Structure formats: structure tokens, C-alpha cells
Amino acid sequence: MELLKWSYTKRYNIKAIFSTCPNSVVIFRQINDYYFVYVVNWSEKDPEVIKSDLEEMEVLINSELGTLTQYNKRKSRSK
């Protein structure tokens with residue numbers, strides 16, 4: 001999976017398009033110092049998005065924005 005395109009939206013959300021689902025728009029929100037998937041505007045033209053896809057999307061966007069270290073230190077990751 002590759003991050004094809006991303007941009008900021010109103011209220012500092014981020015919308016992104018990924019190679020595995022190029023017709024679906026993924027919206028990210030910021031929590032603390034990293035971004036997480038908030039909603040996927042899924043297109044029926046794309047394959048179903050599963051949890052592992054969402055996690056990979058989060059890693060890619062946080063890597064692109066330089067917040068991967070904070071993402072890896074989040075509470076849910078420490079369990």
C-alpha cells in the first residue's frame with residue numbers, strides 16, 4: 001500500500017488517498033501528537049477495508065507527517 005495523495009481539510013483534518021483503495025477517501029483526525037483514521041468514505045469500486053489496512057494507513061500518514069514516533073508511543077500500543 002502506498003500513500004498517493006493527502007491534503008488538509010477544514011478544522012485541521014487530513015484527507016488521503018491510498019493505492020489499495022484509490023476511489024475511497026480516508027479522513028484522519030489528530031489526537032495528542034499523532035493522526036488516526038476517523039472515517040473512510042468507502043467506494044463500492046474498491047475492495048473492503050479491514051483493520052490491518054487501517055493500521056497501515058495510520059502508519060503511512062504518520063510517517064509522512066513526521067509523527068510516527070508519537071504514534072508508536074500511544075497508550076493503546078503499550079498494552
# chains A, B, ... in the order shown; residues from 1 in each chain; ligands from 1
$ residues_around --residues "Ser24 in chain A" --least-positions-apart "5" --cutoff "6 Å" --atoms "only C-alpha atoms" --output "PDB file with N, CA and C atoms, in the first residue's frame"
ATOM      1  N   ASN A  41     -14.610   7.163   3.639  1.00  0.00           N
ATOM      2  CA  ASN A  41     -15.702   7.336   2.680  1.00  0.00           C
ATOM      3  C   ASN A  41     -15.489   6.304   1.587  1.00  0.00           C
ATOM      4  N   TRP A  42     -15.947   5.101   1.875  1.00  0.00           N
ATOM      5  CA  TRP A  42     -15.653   3.930   1.063  1.00  0.00           C
ATOM      6  C   TRP A  42     -16.448   3.932  -0.231  1.00  0.00           C
ATOM      7  N   SER A  43     -15.807   3.551  -1.310  1.00  0.00           N
ATOM      8  CA  SER A  43     -16.440   3.409  -2.617  1.00  0.00           C
ATOM      9  C   SER A  43     -16.616   1.921  -2.917  1.00  0.00           C
TER      10      SER A  43
END
$ residues_around --residues "Met57 in chain A" --least-positions-apart "2" --cutoff "9 Å" --atoms "only C-alpha atoms" --output "JSON, numbers by chain"
{"A": [1, 2, 3, 18, 26, 36, 37, 52, 53, 54, 55, 59, 60, 61, 62]}
$ atom_distance --atom1 "CA of Ser19 in chain A" --atom2 "CA of Tyr34 in chain A"
21.8 Å
$ residues_around --residues "Tyr35 in chain A" --least-positions-apart "6" --cutoff "8 Å" --atoms "only C-alpha atoms" --output "PDB file with C-alpha atoms, in the first residue's frame"
ATOM      1  CA  PHE A  28      -7.737  11.390   9.683  1.00  0.00           C
ATOM      2  CA  ARG A  29      -8.053  13.364  12.908  1.00  0.00           C
ATOM      3  CA  GLU A  58      -2.186   5.285  10.048  1.00  0.00           C
ATOM      4  CA  ILE A  61       0.231   9.100   7.196  1.00  0.00           C
ATOM      5  CA  ASN A  62       2.087   9.496  10.486  1.00  0.00           C
ATOM      6  CA  THR A  67       4.587  11.931  13.846  1.00  0.00           C
ATOM      7  CA  TYR A  71       2.040   7.213  17.088  1.00  0.00           C
TER       8      TYR A  71
END
$ residues_around --residues "Ile14 in chain A" --least-positions-apart "2" --cutoff "8 Å" --atoms "only C-alpha atoms" --output "MDAnalysis selection string"
chainID A and resid 6:9 12 16 27:29
$ closest_residue --among "A:Lys10, A:Thr69, A:Thr20, A:Val25" --to "Glu56 in chain A" --atoms "only C-alpha atoms"
A:Thr20
$ select_by_dssp --residues "chain A" --states "alpha helix (DSSP H)" --output "list in words"
Lys51, Ser52, Asp53, Leu54, Glu55, Glu56, Met57, Glu58, Val59, Leu60, Ile61, Asn62, Ser63, Glu64, Leu65, Leu68, Thr69, Gln70, Tyr71 and Asn72 of chain A
$ atom_distance --atom1 "CA of Lys5 in chain A" --atom2 "CA of Arg74 in chain A"
25.2 Å
$ atom_distance --atom1 "CA of Gln70 in chain A" --atom2 "CA of Asn23 in chain A"
29.1 Å
$ select_by_dssp --residues "chain A" --states "strand (DSSP E)" --output "MDAnalysis selection string"
chainID A and resid 3:8 14:18 21:31 34:41
$ closest_residue --among "A:Cys21, A:Ile31, A:Leu68, A:Leu4" --to "Asp46 in chain A" --atoms "only C-alpha atoms"
A:Cys21
